[in-house]
$ cat work.cif   # mmCIF, C-alpha atoms
data_my_file
loop_
_atom_site.label_atom_id
_atom_site.label_comp_id
_atom_site.auth_asym_id
_atom_site.auth_seq_id
_atom_site.Cartn_x
_atom_site.Cartn_y
_atom_site.Cartn_z
CA MET A 1 -10.90 -16.85 -18.41
CA ASN A 2 -9.56 -13.73 -20.12
CA THR A 3 -6.97 -11.48 -18.52
CA ILE A 4 -8.70 -8.20 -17.77
CA THR A 5 -7.15 -4.88 -16.82
CA LEU A 6 -7.98 -1.21 -16.49
CA GLY A 7 -10.24 -0.23 -19.41
CA SER A 8 -11.63 -3.72 -20.04
CA CYS A 9 -15.39 -3.78 -20.64
CA ASP A 10 -17.88 -6.59 -20.98
CA VAL A 11 -19.76 -6.78 -24.28
CA GLY A 12 -22.29 -3.98 -24.51
CA LYS A 13 -20.94 -2.20 -21.41
CA LYS A 14 -18.42 0.18 -22.99
CA PRO A 15 -19.29 3.77 -21.95
CA SER A 16 -20.96 5.71 -24.76
CA ASP A 17 -19.49 8.94 -23.37
CA PRO A 18 -16.03 8.21 -21.91
CA LYS A 19 -15.47 11.82 -20.86
CA ASP A 20 -18.67 11.84 -18.81
CA PHE A 21 -17.80 8.45 -17.30
CA LEU A 22 -14.39 9.73 -16.20
CA LYS A 23 -15.31 13.24 -15.04
CA TYR A 24 -15.31 12.41 -11.33
CA TYR A 25 -11.68 11.27 -11.58
CA HIS A 26 -10.41 13.45 -14.43
CA GLY A 27 -12.16 16.73 -13.68
CA ASN A 28 -14.83 18.74 -15.42
CA GLU A 29 -15.28 22.16 -16.95
CA ASP A 30 -15.72 23.99 -13.64
CA GLY A 31 -12.49 22.50 -12.32
CA LYS A 32 -14.12 21.00 -9.24
CA PHE A 33 -11.89 17.93 -9.35
CA GLY A 34 -8.99 19.46 -11.24
CA THR A 35 -8.61 19.86 -14.97
CA ILE A 36 -5.35 18.14 -15.98
CA LEU A 37 -7.24 15.24 -17.59
CA LYS A 38 -10.64 16.84 -18.15
CA ASP A 39 -10.54 16.27 -21.92
CA SER A 40 -9.06 12.77 -21.78
CA LEU A 41 -11.03 9.87 -23.24
CA GLN A 42 -8.56 7.32 -21.84
CA LEU A 43 -7.79 6.01 -18.37
CA ARG A 44 -4.37 6.49 -16.83
CA ASP A 45 -2.82 3.27 -15.52
CA ASP A 46 -0.36 5.20 -13.37
CA SER A 47 1.41 2.14 -11.98
CA ARG A 48 2.39 1.00 -15.47
CA THR A 49 2.67 4.50 -16.99
CA GLU A 50 0.17 3.48 -19.68
CA TRP A 51 -2.89 5.10 -21.23
CA LYS A 52 -5.75 2.64 -21.53
CA SER A 53 -8.75 2.95 -23.83
CA PHE A 54 -12.11 1.39 -23.03
CA LYS A 55 -12.09 -1.93 -24.87
CA GLU A 56 -14.79 -4.59 -25.06
CA LYS A 57 -13.87 -8.22 -24.41
CA GLU A 58 -15.96 -11.33 -25.02
CA GLY A 59 -17.83 -12.65 -22.01
CA ASN A 60 -18.82 -11.05 -18.72
CA GLU A 61 -15.59 -11.39 -16.73
CA VAL A 62 -15.64 -7.78 -15.50
CA ILE A 63 -19.08 -8.15 -13.94
CA LYS A 64 -18.05 -11.46 -12.36
CA LEU A 65 -14.96 -9.79 -10.92
CA GLN A 66 -16.92 -6.80 -9.61
CA GLN A 67 -19.57 -9.02 -8.03
CA PHE A 68 -16.85 -10.97 -6.28
CA LEU A 69 -14.97 -7.85 -5.07
CA LYS A 70 -18.19 -6.33 -3.77
CA ARG A 71 -19.31 -9.53 -2.01
CA ALA A 72 -15.84 -10.07 -0.49
CA GLY A 73 -15.74 -6.53 0.91
CA PHE A 74 -13.10 -4.90 -1.31
CA MET A 75 -15.32 -2.45 -3.22
CA PRO A 76 -18.49 -2.09 -1.14
CA ARG A 77 -19.72 1.21 -2.59
CA ALA A 78 -18.93 0.70 -6.29
CA THR A 79 -21.45 -0.02 -9.03
CA VAL A 80 -21.36 -3.38 -10.77
CA ASP A 81 -21.40 -2.03 -14.31
CA GLY A 82 -19.11 -4.26 -16.37
CA VAL A 83 -16.48 -1.51 -16.77
CA PHE A 84 -13.01 -2.03 -15.27
CA GLY A 85 -12.47 1.52 -14.02
CA TYR A 86 -10.31 3.12 -11.35
CA VAL A 87 -12.28 1.77 -8.36
CA THR A 88 -12.30 -1.77 -9.78
CA GLN A 89 -8.54 -1.53 -10.32
CA ALA A 90 -8.04 -0.26 -6.75
CA ALA A 91 -10.23 -3.02 -5.30
CA THR A 92 -8.39 -5.64 -7.36
CA ARG A 93 -5.04 -4.48 -6.01
CA LEU A 94 -6.41 -4.50 -2.46
CA PHE A 95 -7.65 -8.05 -2.96
CA GLN A 96 -4.28 -9.14 -4.33
CA GLU A 97 -2.45 -7.37 -1.48
CA TYR A 98 -4.77 -8.95 1.10
CA VAL A 99 -4.15 -12.41 -0.37
CA ARG A 100 -0.40 -11.74 -0.46
CA THR A 101 -0.11 -10.48 3.11
CA VAL A 102 -3.04 -11.63 5.23
CA LYS A 103 -3.50 -14.97 3.44
CA GLY A 104 0.24 -15.49 3.01
CA GLU A 105 0.26 -16.16 -0.75
CA ALA A 106 3.70 -14.74 -1.55
CA GLY A 107 3.33 -15.32 -5.31
CA MET A 108 0.45 -12.87 -5.63
CA VAL A 109 1.56 -9.47 -6.96
CA PRO A 110 -0.83 -6.51 -6.40
CA ASP A 111 -0.60 -5.11 -9.93
CA GLY A 112 -4.34 -4.71 -10.66
CA ARG A 113 -4.21 -7.17 -13.58
CA VAL A 114 -6.60 -10.13 -13.30
CA GLY A 115 -4.97 -13.11 -14.97
CA PRO A 116 -4.83 -16.88 -14.31
CA ILE A 117 -3.31 -16.66 -10.80
CA THR A 118 -5.85 -14.13 -9.55
CA TRP A 119 -8.81 -15.91 -11.18
CA LYS A 120 -7.70 -19.23 -9.68
CA TYR A 121 -7.65 -17.76 -6.19
CA ILE A 122 -11.06 -16.11 -6.68
CA ASN A 123 -12.68 -19.28 -8.03
CA GLU A 124 -11.00 -21.96 -5.93
CA GLN A 125 -9.60 -20.58 -2.70
CA TRP A 126 -11.80 -17.72 -1.49
CA GLY A 127 -14.80 -18.93 0.51
CA PRO A 128 -18.26 -18.17 -0.98
CA ALA A 129 -19.34 -16.27 2.15
CA GLU A 130 -15.90 -14.92 3.13
CA ILE A 131 -15.52 -11.17 3.75
CA CYS A 132 -12.13 -9.52 4.17
CA ASP A 133 -11.26 -7.84 7.47
CA TRP A 134 -10.66 -4.50 5.69
CA GLY A 135 -14.23 -4.28 4.42
CA ARG A 136 -16.09 -6.05 7.20
CA GLY A 137 -17.01 -2.90 9.10
CA TRP A 138 -17.93 -0.73 6.10
CA THR A 139 -21.37 0.89 5.91
CA ALA A 140 -22.62 3.72 3.74
CA THR A 141 -22.68 6.10 6.70
CA GLY A 142 -19.47 5.10 8.44
CA PRO A 143 -17.74 2.09 10.00
CA SER A 144 -19.79 -0.30 12.12
CA GLN A 145 -16.58 -1.60 13.71
CA VAL A 146 -13.97 0.80 15.08
CA SER A 147 -10.67 -0.44 16.48
CA ASP A 148 -9.32 0.74 19.81
CA GLU A 149 -6.28 2.23 18.09
CA TYR A 150 -8.52 4.18 15.72
CA GLN A 151 -10.34 5.73 18.68
CA LYS A 152 -7.02 6.60 20.31
CA TRP A 153 -5.87 8.50 17.22
CA ILE A 154 -9.14 10.43 17.01
CA SER A 155 -8.80 11.32 20.69
CA LEU A 156 -5.24 12.42 20.04
CA LEU A 157 -6.37 14.72 17.22
CA LYS A 158 -8.86 16.34 19.58
CA ARG A 159 -6.18 16.85 22.22
CA ALA A 160 -3.88 18.31 19.57
CA ARG A 161 -6.51 20.88 18.64
CA GLU A 162 -6.95 21.88 22.27
CA HIS A 163 -3.18 22.11 22.62
CA TYR A 164 -3.03 24.43 19.60
CA LYS A 165 -5.80 26.57 21.06
CA GLN A 166 -3.88 26.95 24.31
CA GLN A 167 -0.73 27.88 22.36
CA LEU A 168 -2.52 30.29 20.05
CA ASN A 169 -1.31 33.54 21.63
CA ALA A 170 2.24 32.24 22.02
CA SER A 171 2.58 30.79 18.51
CA LEU A 172 3.18 33.22 15.68
CA ILE A 173 2.30 30.74 12.95
CA LEU A 174 -0.92 29.57 14.63
CA SER A 175 -2.07 33.14 15.10
CA LYS A 176 -1.27 33.87 11.45
CA VAL A 177 -3.43 30.94 10.36
CA GLU A 178 -6.33 31.98 12.59
CA SER A 179 -6.23 35.59 11.37
CA TYR A 180 -5.88 34.70 7.67
CA THR A 181 -8.82 36.40 5.93
CA ARG A 182 -8.77 34.92 2.42
CA ASN A 183 -10.16 31.54 1.40
CA SER A 184 -7.90 28.54 1.88
CA ASP A 185 -8.08 24.77 2.38
CA THR A 186 -6.24 25.12 5.70
CA LYS A 187 -8.84 24.97 8.45
CA LYS A 188 -9.25 27.26 11.42
CA LEU A 189 -9.08 25.35 14.70
CA ASP A 190 -12.83 25.44 15.29
CA ASP A 191 -13.40 23.90 11.85
CA TRP A 192 -11.31 20.76 12.34
CA ALA A 193 -13.21 17.60 11.39
CA PHE A 194 -13.31 14.45 13.46
CA SER A 195 -15.02 11.08 13.30
CA THR A 196 -16.14 8.74 16.03
CA GLN A 197 -18.25 5.64 16.29
CA ASP A 198 -21.22 7.89 17.08
CA ASN A 199 -20.64 10.17 14.09
CA PRO A 200 -23.14 9.20 11.35
CA LYS A 201 -20.68 10.15 8.60
CA GLU A 202 -17.09 8.99 8.80
CA GLU A 203 -14.31 11.41 8.00
CA ILE A 204 -11.15 10.05 6.39
CA HIS A 205 -8.01 11.23 8.19
CA LEU A 206 -4.38 11.23 7.19
CA ILE A 207 -1.96 12.44 9.87
CA GLY A 208 1.58 13.60 9.06
CA ILE A 209 4.02 13.59 11.98
CA THR A 210 7.20 15.59 11.49
CA LYS A 211 10.33 14.39 13.24
CA GLU A 212 11.86 17.17 15.32
CA ASN A 213 15.53 17.64 14.59
CA GLN A 214 17.20 21.02 14.61
CA ASN A 215 19.38 20.03 11.65
CA ARG A 216 16.65 18.34 9.56
CA HIS A 217 16.79 21.10 6.94
CA LEU A 218 20.43 20.13 6.20
CA VAL A 219 19.63 16.55 5.20
CA ASP A 220 17.49 14.99 2.51
CA GLU A 221 15.83 12.13 4.39
CA LEU A 222 12.43 10.51 4.55
CA ASP A 223 12.08 10.37 8.31
CA ASP A 224 8.45 11.26 9.00
CA ILE A 225 5.38 9.08 9.65
CA PHE A 226 1.90 9.12 8.09
CA ILE A 227 -1.14 7.59 9.79
CA LEU A 228 -4.24 6.71 7.74
CA LEU A 229 -7.53 6.44 9.65
CA ILE A 230 -10.21 4.87 7.45
CA ASN A 231 -13.21 2.61 7.99
CA GLY A 232 -12.36 2.25 11.68
CA MET A 233 -8.84 1.00 10.87
CA VAL A 234 -5.29 2.36 11.21
CA PHE A 235 -2.52 1.97 8.60
CA LYS A 236 0.96 3.52 8.90
CA PHE A 237 3.29 4.77 6.18
CA TRP A 238 6.51 6.80 6.04
CA GLY A 239 8.06 9.57 3.97
CA SER A 240 8.75 13.28 4.32
CA THR A 241 6.73 16.36 5.23
CA ASP A 242 9.53 18.85 4.45
CA PRO A 243 10.82 20.43 1.24
CA ARG A 244 13.94 18.69 -0.05
CA VAL A 245 17.30 20.43 0.22
CA LYS A 246 18.18 20.67 -3.46
CA GLY A 247 16.73 23.32 -5.76
CA LYS A 248 15.43 26.80 -5.16
CA LEU A 249 15.82 28.57 -1.85
CA ASP A 250 12.30 29.98 -1.44
CA LYS A 251 10.78 26.65 -0.47
CA PRO A 252 7.14 26.37 0.66
CA PHE A 253 6.63 24.81 4.11
CA LEU A 254 3.09 23.57 4.73
CA VAL A 255 1.84 25.02 8.03
CA GLU A 256 0.86 22.83 10.96
CA GLY A 257 -2.83 22.11 11.33
CA GLN A 258 -5.62 20.42 9.42
CA HIS A 259 -6.08 20.78 5.66
CA LYS A 260 -8.76 19.66 3.22
CA TYR A 261 -7.52 17.50 0.31
CA ARG A 262 -9.19 15.64 -2.58
CA PHE A 263 -8.41 12.96 -5.15
CA GLY A 264 -6.28 14.30 -8.01
CA TRP A 265 -3.12 13.79 -10.05
CA HIS A 266 0.52 14.72 -9.53
CA ARG A 267 2.03 16.08 -12.73
CA LEU A 268 5.64 15.51 -13.73
CA SER A 269 6.11 16.53 -17.36
CA LYS A 270 4.80 15.79 -20.86
CA ASP A 271 5.59 12.82 -23.10
CA GLU A 272 6.48 12.95 -26.79
CA LYS A 273 2.75 13.15 -27.67
CA GLY A 274 2.21 16.15 -25.39
CA ARG A 275 0.39 14.14 -22.72
CA TYR A 276 1.22 14.62 -19.07
CA LEU A 277 3.28 12.02 -17.19
CA ILE A 278 1.15 11.79 -14.08
CA TYR A 279 0.11 9.55 -11.23
CA ARG A 280 -2.68 9.74 -8.71
CA ALA A 281 -2.17 11.90 -5.67
CA PHE A 282 -4.12 14.15 -3.32
CA LYS A 283 -4.40 17.86 -4.01
CA PRO A 284 -5.61 20.86 -2.00
CA TYR A 285 -9.38 20.76 -2.27
CA LYS A 286 -10.24 24.08 -3.88
CA TYR A 287 -8.40 27.21 -2.80
CA GLY A 288 -4.91 25.99 -1.91
CA VAL A 289 -3.27 25.32 1.47
CA LEU A 290 -1.34 27.82 3.57
CA VAL A 291 2.44 27.79 3.36
CA VAL A 292 5.42 29.77 4.65
CA ARG A 293 8.35 30.38 2.31
CA ASN A 294 11.88 30.52 3.63
CA ASP A 295 14.03 33.53 2.81
CA ARG A 296 15.72 33.31 -0.59
CA SER A 297 18.91 34.71 0.92
CA ASP A 298 18.94 32.19 3.78
CA THR A 299 21.32 29.44 2.67
CA THR A 300 20.37 27.22 5.64
CA MET A 301 17.03 26.72 3.86
CA ALA A 302 15.22 26.50 7.21
CA MET A 303 11.96 28.19 8.14
CA ASP A 304 12.23 30.74 10.97
CA SER A 305 10.17 33.45 12.66
CA ALA A 306 11.30 36.07 10.14
CA ASP A 307 9.81 33.94 7.35
CA ILE A 308 6.54 33.63 9.27
CA GLU A 309 6.46 37.39 9.91
CA ARG A 310 6.46 38.02 6.17
CA GLY A 311 3.11 36.25 6.08
CA LEU A 312 1.36 33.19 4.69
CA GLU A 313 0.31 32.41 1.13
CA THR A 314 -1.99 29.87 -0.46
CA ASN A 315 -0.44 27.19 -2.64
CA TYR A 316 -2.36 24.79 -4.88
CA THR A 317 0.57 22.51 -5.74
CA ILE A 318 1.39 21.14 -2.27
CA ASN A 319 0.25 17.61 -3.13
CA ILE A 320 0.42 14.38 -1.15
CA HIS A 321 2.15 11.97 -3.50
CA TRP A 322 4.46 8.99 -3.99
CA SER A 323 8.22 9.25 -3.40
CA GLY A 324 9.56 6.12 -5.02
CA PHE A 325 11.05 3.28 -3.00
CA GLY A 326 12.07 5.47 -0.06
CA ILE A 327 15.66 6.28 -0.91
CA SER A 328 15.31 9.96 -1.81
CA ASN A 329 12.94 12.80 -1.06
CA TRP A 330 11.35 14.14 -4.26
CA SER A 331 9.47 16.89 -2.46
CA ASP A 332 9.57 20.59 -3.24
CA GLY A 333 7.06 21.32 -0.52
CA CYS A 334 4.79 18.34 -1.17
CA GLN A 335 4.10 15.64 1.39
CA VAL A 336 5.67 12.45 0.03
CA ILE A 337 5.16 8.77 0.90
CA ALA A 338 7.55 5.87 0.27
CA GLY A 339 6.56 2.62 -1.43
CA LYS A 340 8.94 0.25 0.35
CA SER A 341 6.77 -0.79 3.30
CA TYR A 342 3.77 -0.03 5.51
CA ILE A 343 2.15 -1.24 8.74
CA ASN A 344 -1.31 -2.74 8.32
CA ASN A 345 -4.38 -2.62 10.56
CA ARG A 346 -3.07 -5.64 12.49
CA ASN A 347 0.08 -3.69 13.37
CA GLU A 348 2.17 -5.95 11.13
CA VAL A 349 5.02 -4.54 9.06
CA VAL A 350 4.41 -5.32 5.39
CA ASP A 351 7.35 -5.59 2.99
CA CYS A 352 6.77 -4.38 -0.60
CA THR A 353 10.39 -4.48 -1.76
CA SER A 354 9.93 -7.31 -4.28
CA PHE A 355 7.66 -5.25 -6.54
CA ALA A 356 7.97 -1.61 -5.40
CA ALA A 357 9.51 0.63 -8.05
CA GLY A 358 12.48 2.77 -7.13
CA THR A 359 11.70 5.64 -9.48
CA TYR A 360 9.00 6.73 -11.92
CA GLY A 361 11.06 5.29 -14.77
CA ASP A 362 11.05 1.85 -13.10
CA LEU A 363 7.27 1.50 -13.13
CA ASN A 364 6.96 -0.03 -16.57
CA THR A 365 10.20 -2.00 -16.69
CA LEU A 366 9.91 -4.68 -19.35
CA GLY A 367 9.14 -8.10 -17.90
CA GLU A 368 8.66 -6.89 -14.32
CA ALA A 369 5.44 -6.00 -12.51
CA LYS A 370 6.69 -2.93 -10.67
CA THR A 371 4.18 -0.74 -8.84
CA LYS A 372 4.15 2.14 -6.36
CA GLY A 373 4.04 -0.44 -3.58
CA ALA A 374 2.83 0.78 -0.21
CA TYR A 375 1.65 4.07 -1.70
CA ASN A 376 -0.90 2.14 -3.80
CA VAL A 377 -2.31 0.65 -0.60
CA LEU A 378 -2.90 4.17 0.75
CA THR A 379 -4.68 5.48 -2.35
CA ASP A 380 -6.61 2.27 -2.97
CA LEU A 381 -7.98 2.10 0.57
CA ILE A 382 -9.26 5.66 0.25
CA LEU A 383 -10.75 5.07 -3.20
CA CYS A 384 -12.56 1.89 -2.13
CA TYR A 385 -13.70 2.68 1.41
CA ALA A 386 -14.70 6.33 1.23
CA PRO A 387 -18.40 6.70 2.09
CA PRO A 388 -20.67 7.72 -0.81
CA ASN A 389 -20.39 11.39 -1.81
CA THR A 390 -17.23 11.81 0.27
CA ASP A 391 -14.83 13.69 -1.99
CA HIS A 392 -12.10 14.70 0.45
CA ILE A 393 -9.72 13.64 3.18
CA ASN A 394 -8.56 15.61 6.22
CA TYR A 395 -4.79 15.92 6.36
CA THR A 396 -3.47 16.97 9.78
CA LEU A 397 0.21 17.92 9.94
CA GLY A 398 2.05 18.34 13.24
CA ARG A 399 5.37 17.89 15.01
CA GLU A 400 6.17 15.16 17.52
CA SER A 401 5.70 17.58 20.41
CA SER A 402 2.36 18.90 19.17
CA LEU A 403 0.93 15.46 18.44
CA ILE A 404 2.54 12.25 19.71
CA GLU A 405 4.07 13.56 22.93
CA LEU A 406 0.66 14.78 24.08
CA ASP A 407 -0.44 11.23 24.71
CA PRO A 408 1.41 8.75 26.98
CA VAL A 409 -0.19 5.89 24.99
CA PHE A 410 2.15 6.69 22.12
CA GLY A 411 5.06 8.37 23.90
CA LYS A 412 8.23 10.15 22.83
CA ASP A 413 9.76 7.17 21.05
CA PHE A 414 6.76 6.36 18.86
CA LEU A 415 8.00 8.02 15.69
CA SER A 416 11.57 6.73 15.84
CA LYS A 417 10.49 3.17 16.72
CA THR A 418 7.83 3.07 14.00
CA LEU A 419 10.23 4.46 11.43
CA GLN A 420 12.86 1.92 12.40
CA GLU A 421 10.36 -0.93 11.92
CA LEU A 422 9.28 0.36 8.51
CA GLN A 423 12.79 0.93 7.19
CA ALA A 424 14.19 -2.36 8.48
CA VAL A 425 12.48 -4.55 5.87
CA ASP A 426 14.71 -6.16 3.22
#
$ encode --input "work.cif" --output "structure tokens"
Amino acid sequence: MNTITLGSCDVGKKPSDPKDFLKYYHGNEDGKFGTILKDSLQLRDDSRTEWKSFKEKEGNEVIKLQQFLKRAGFMPRATVDGVFGYVTQAATRLFQEYVRTVKGEAGMVPDGRVGPITWKYINEQWGPAEICDWGRGWTATGPSQVSDEYQKWISLLKRAREHYKQQLNASLILSKVESYTRNSDTKKLDDWAFSTQDNPKEEIHLIGITKENQNRHLVDELDDIFILLINGMVFKFWGSTDPRVKGKLDKPFLVEGQHKYRFGWHRLSKDEKGRYLIYRAFKPYKYGVLVVRNDRSDTTMAMDSADIERGLETNYTINIHWSGFGISNWSDGCQVIAGKSYINNRNEVVDCTSFAAGTYGDLNTLGEAKTKGAYNVLTDLILCYAPPNTDHINYTLGRESSLIELDPVFGKDFLSKTLQELQAVD
């Protein structure tokens, strides 16, 4: 069978209007989903830093692949249309990652390219009625199966909101958020979203937990944890929630609380043809999120009460994006996630070091299938398992004391122990 990749189309299935086909992912004229790529007629293969045109291939391999991925539970909501688009690529990588980690096939690389090795596994080793654990509980209105750990995290979010409400009068930054009168994608406490087994529409949650260290602004480390709650499952990642040390002094600190984010693209620069060097990320949904800037004259680069007193501002560039292998913090206010490792829904540490790129420049290294590693798992899970018409995630940012330490189930050592597990892989 042919090797098929992003942009491959079965005969007669090539979109007649590529711009219209891509508008949900590239943006449209009103800017609802961002406008960086709104005029692009090509797909962005961001793990290989390539632009891919829609190209017909003989046969019907794309439809066969999509039928398999849908039946096996990797792309339950996608249309079987014979076009290898972003969701098909994401589902393919999830399938390859599942085979690599859950099935124990170490030779499988989750690069989203369907060649002889992937076809062989699909045709010869995956059972005809087999459904992956990740997609087993998916329904159009929410998960039919919810893990105990998932429920514990939702309960913790609810306790965190009540804790914030109790601290409202004593916390300058919380009171500033609650009294903010302009539009923003940072939610007031009463507007926080939750999801439970009884909720007919699942909300996707990403939780950022900031390590509390009085000297954290003096170091450039990735020492925070991210928790993804999706389809009744829990996945854990690591990175940084703070601005990096280097660069300008007036750094934007994202405020604690819950924020509304959407699918988008993180922009780096332009190539020699004037096209943006970009990769998929999550962006503030519409208005921008609330931030506090530290004083330009404050060489400690920390955020203090004087900074908060000056007031909050909305910022549309505080993205949630990849941060390479996990060696350095690329953030200038963004929330960044490392590609080296993650913890799956079975609470197993998963090592991505053999194929995770160290930097953006490493992604398309000749002869090597380098990817964004664990970060791809995060974005692909959201792209494949979001309920229909769900165009956002809820990102809740908090400190250890305002989140983890509220619940004895997790305890004071949760962040440090989890981080140690994630960083220990070779």
$ resolve_selection --input "work.cif" --expression "the PyMOL selection byres ((chain A and resi 184) around 10)" --output "PyMOL selection string"
chain A and resi 177+180-183+185-188+259-260+284-290+313-316
$ resolve_selection --input "work.cif" --expression "the PyMOL selection byres ((chain A and resi 7) around 8)" --output "ChimeraX atom specification"
/A:5-6,8-9,43,52-55,83-85
$ write_last_selection --input "work.cif" --atoms "C-alpha atoms" --output "mmCIF file, in the coordinates of the input"
data_model
loop_
_atom_site.group_PDB
_atom_site.id
_atom_site.type_symbol
_atom_site.label_atom_id
_atom_site.label_comp_id
_atom_site.auth_asym_id
_atom_site.auth_seq_id
_atom_site.Cartn_x
_atom_site.Cartn_y
_atom_site.Cartn_z
ATOM 1 C CA THR A 5 -7.150 -4.880 -16.820
ATOM 2 C CA LEU A 6 -7.980 -1.210 -16.490
ATOM 3 C CA SER A 8 -11.630 -3.720 -20.040
ATOM 4 C CA CYS A 9 -15.390 -3.780 -20.640
ATOM 5 C CA LEU A 43 -7.790 6.010 -18.370
ATOM 6 C CA LYS A 52 -5.750 2.640 -21.530
ATOM 7 C CA SER A 53 -8.750 2.950 -23.830
ATOM 8 C CA PHE A 54 -12.110 1.390 -23.030
ATOM 9 C CA LYS A 55 -12.090 -1.930 -24.870
ATOM 10 C CA VAL A 83 -16.480 -1.510 -16.770
ATOM 11 C CA PHE A 84 -13.010 -2.030 -15.270
ATOM 12 C CA GLY A 85 -12.470 1.520 -14.020
#
$ atom_distance --input "work.cif" --atom1 "atom CA of Asn344 of chain A" --atom2 "atom CA of Glu212 of chain A"
24.9 Å
$ resolve_selection --input "work.cif" --expression "the PyMOL selection byres ((chain A and resi 139-147) around 12)" --output "ChimeraX atom specification"
/A:73,75-78,133-138,148-154,195-204,229-235,345-347,384-390
$ closest_residue --input "work.cif" --among "A:Ala72, A:Leu403, A:Val409, A:Ala306" --to "Arg161 of chain A" --atoms "all atoms listed in the file"
A:Leu403
$ axis_aligned_box --input "work.cif" --around "segment 260-269 of chain A" --padding-each-side "8 Å" --output "lines of an AutoDock Vina configuration file"
center_x = -1.5
center_y = 16.3
center_z = -7.1
size_x = 31.3
size_y = 22.7
size_z = 36.6
$ residues_around --input "work.cif" --residues "Tyr375 of chain A" --least-positions-apart "4" --cutoff "8 Å" --atoms "all atoms listed in the file" --output "ChimeraX atom specification"
/A:322,337-339,379
$ atom_distance --input "work.cif" --atom1 "atom CA of Asp224 of chain A" --atom2 "atom CA of Ser155 of chain A"
20.8 Å
$ atom_distance --input "work.cif" --atom1 "atom CA of Leu222 of chain A" --atom2 "atom CA of Ile327 of chain A"
7.6 Å
$ residues_around --input "work.cif" --residues "Ser47 of chain A" --least-positions-apart "4" --cutoff "7 Å" --atoms "all atoms listed in the file" --output "list in words"
Leu363, Thr371 and Lys372 of chain A
$ closest_residue --input "work.cif" --among "A:Thr396, A:Thr418, A:Asn60, A:Gln335" --to "Leu156 of chain A" --atoms "all atoms listed in the file"
A:Thr396
$ closest_residue --input "work.cif" --among "A:Lys70, A:His266, A:Lys176, A:Arg293" --to "Ser323 of chain A" --atoms "all atoms listed in the file"
A:His266
$ closest_residue --input "work.cif" --among "A:Lys165, A:Glu61, A:Glu130, A:Ala281" --to "His392 of chain A" --atoms "all atoms listed in the file"
A:Ala281
$ closest_residue --input "work.cif" --among "A:Gly264, A:Gly411, A:Gly59, A:Gly257" --to "His163 of chain A" --atoms "all atoms listed in the file"
A:Gly257
$ residues_around --input "work.cif" --residues "Met303 of chain A" --least-positions-apart "3" --cutoff "8 Å" --atoms "all atoms listed in the file" --output "mmCIF file with C-alpha atoms, keeping the file's coordinate frame"
data_model
loop_
_atom_site.group_PDB
_atom_site.id
_atom_site.type_symbol
_atom_site.label_atom_id
_atom_site.label_comp_id
_atom_site.auth_asym_id
_atom_site.auth_seq_id
_atom_site.Cartn_x
_atom_site.Cartn_y
_atom_site.Cartn_z
ATOM 1 C CA PHE A 253 6.630 24.810 4.110
ATOM 2 C CA VAL A 292 5.420 29.770 4.650
ATOM 3 C CA ARG A 293 8.350 30.380 2.310
ATOM 4 C CA ASN A 294 11.880 30.520 3.630
ATOM 5 C CA ASP A 295 14.030 33.530 2.810
ATOM 6 C CA ASP A 307 9.810 33.940 7.350
ATOM 7 C CA ILE A 308 6.540 33.630 9.270
#
$ closest_residue --input "work.cif" --among "A:Leu41, A:Ala356, A:Leu228, A:Ala90" --to "Asp20 of chain A" --atoms "only C-alpha atoms"
A:Leu41
$ residues_around --input "work.cif" --residues "Thr49 of chain A" --least-positions-apart "4" --cutoff "10 Å" --atoms "only C-alpha atoms" --output "ChimeraX atom specification"
/A:44-45,277-279,360-365,371
$ write_last_selection --input "work.cif" --atoms "C-alpha atoms" --output "PDB file, keeping the file's coordinate frame"
ATOM      1  CA  ARG A  44      -4.370   6.490 -16.830  1.00  0.00           C
ATOM      2  CA  ASP A  45      -2.820   3.270 -15.520  1.00  0.00           C
ATOM      3  CA  LEU A 277       3.280  12.020 -17.190  1.00  0.00           C
ATOM      4  CA  ILE A 278       1.150  11.790 -14.080  1.00  0.00           C
ATOM      5  CA  TYR A 279       0.110   9.550 -11.230  1.00  0.00           C
ATOM      6  CA  TYR A 360       9.000   6.730 -11.920  1.00  0.00           C
ATOM      7  CA  GLY A 361      11.060   5.290 -14.770  1.00  0.00           C
ATOM      8  CA  ASP A 362      11.050   1.850 -13.100  1.00  0.00           C
ATOM      9  CA  LEU A 363       7.270   1.500 -13.130  1.00  0.00           C
ATOM     10  CA  ASN A 364       6.960  -0.030 -16.570  1.00  0.00           C
ATOM     11  CA  THR A 365      10.200  -2.000 -16.690  1.00  0.00           C
ATOM     12  CA  THR A 371       4.180  -0.740  -8.840  1.00  0.00           C
TER      13      THR A 371
END
$ residues_around --input "work.cif" --residues "Leu65 of chain A" --least-positions-apart "4" --cutoff "9 Å" --atoms "all atoms listed in the file" --output "PDB file with C-alpha atoms, in the frame of the given file"
ATOM      1  CA  ASN A  60     -18.820 -11.050 -18.720  1.00  0.00           C
ATOM      2  CA  GLU A  61     -15.590 -11.390 -16.730  1.00  0.00           C
ATOM      3  CA  LEU A  69     -14.970  -7.850  -5.070  1.00  0.00           C
ATOM      4  CA  LYS A  70     -18.190  -6.330  -3.770  1.00  0.00           C
ATOM      5  CA  GLY A  82     -19.110  -4.260 -16.370  1.00  0.00           C
ATOM      6  CA  THR A  88     -12.300  -1.770  -9.780  1.00  0.00           C
ATOM      7  CA  THR A  92      -8.390  -5.640  -7.360  1.00  0.00           C
ATOM      8  CA  VAL A 114      -6.600 -10.130 -13.300  1.00  0.00           C
ATOM      9  CA  TRP A 119      -8.810 -15.910 -11.180  1.00  0.00           C
ATOM     10  CA  ILE A 122     -11.060 -16.110  -6.680  1.00  0.00           C
TER      11      ILE A 122
END
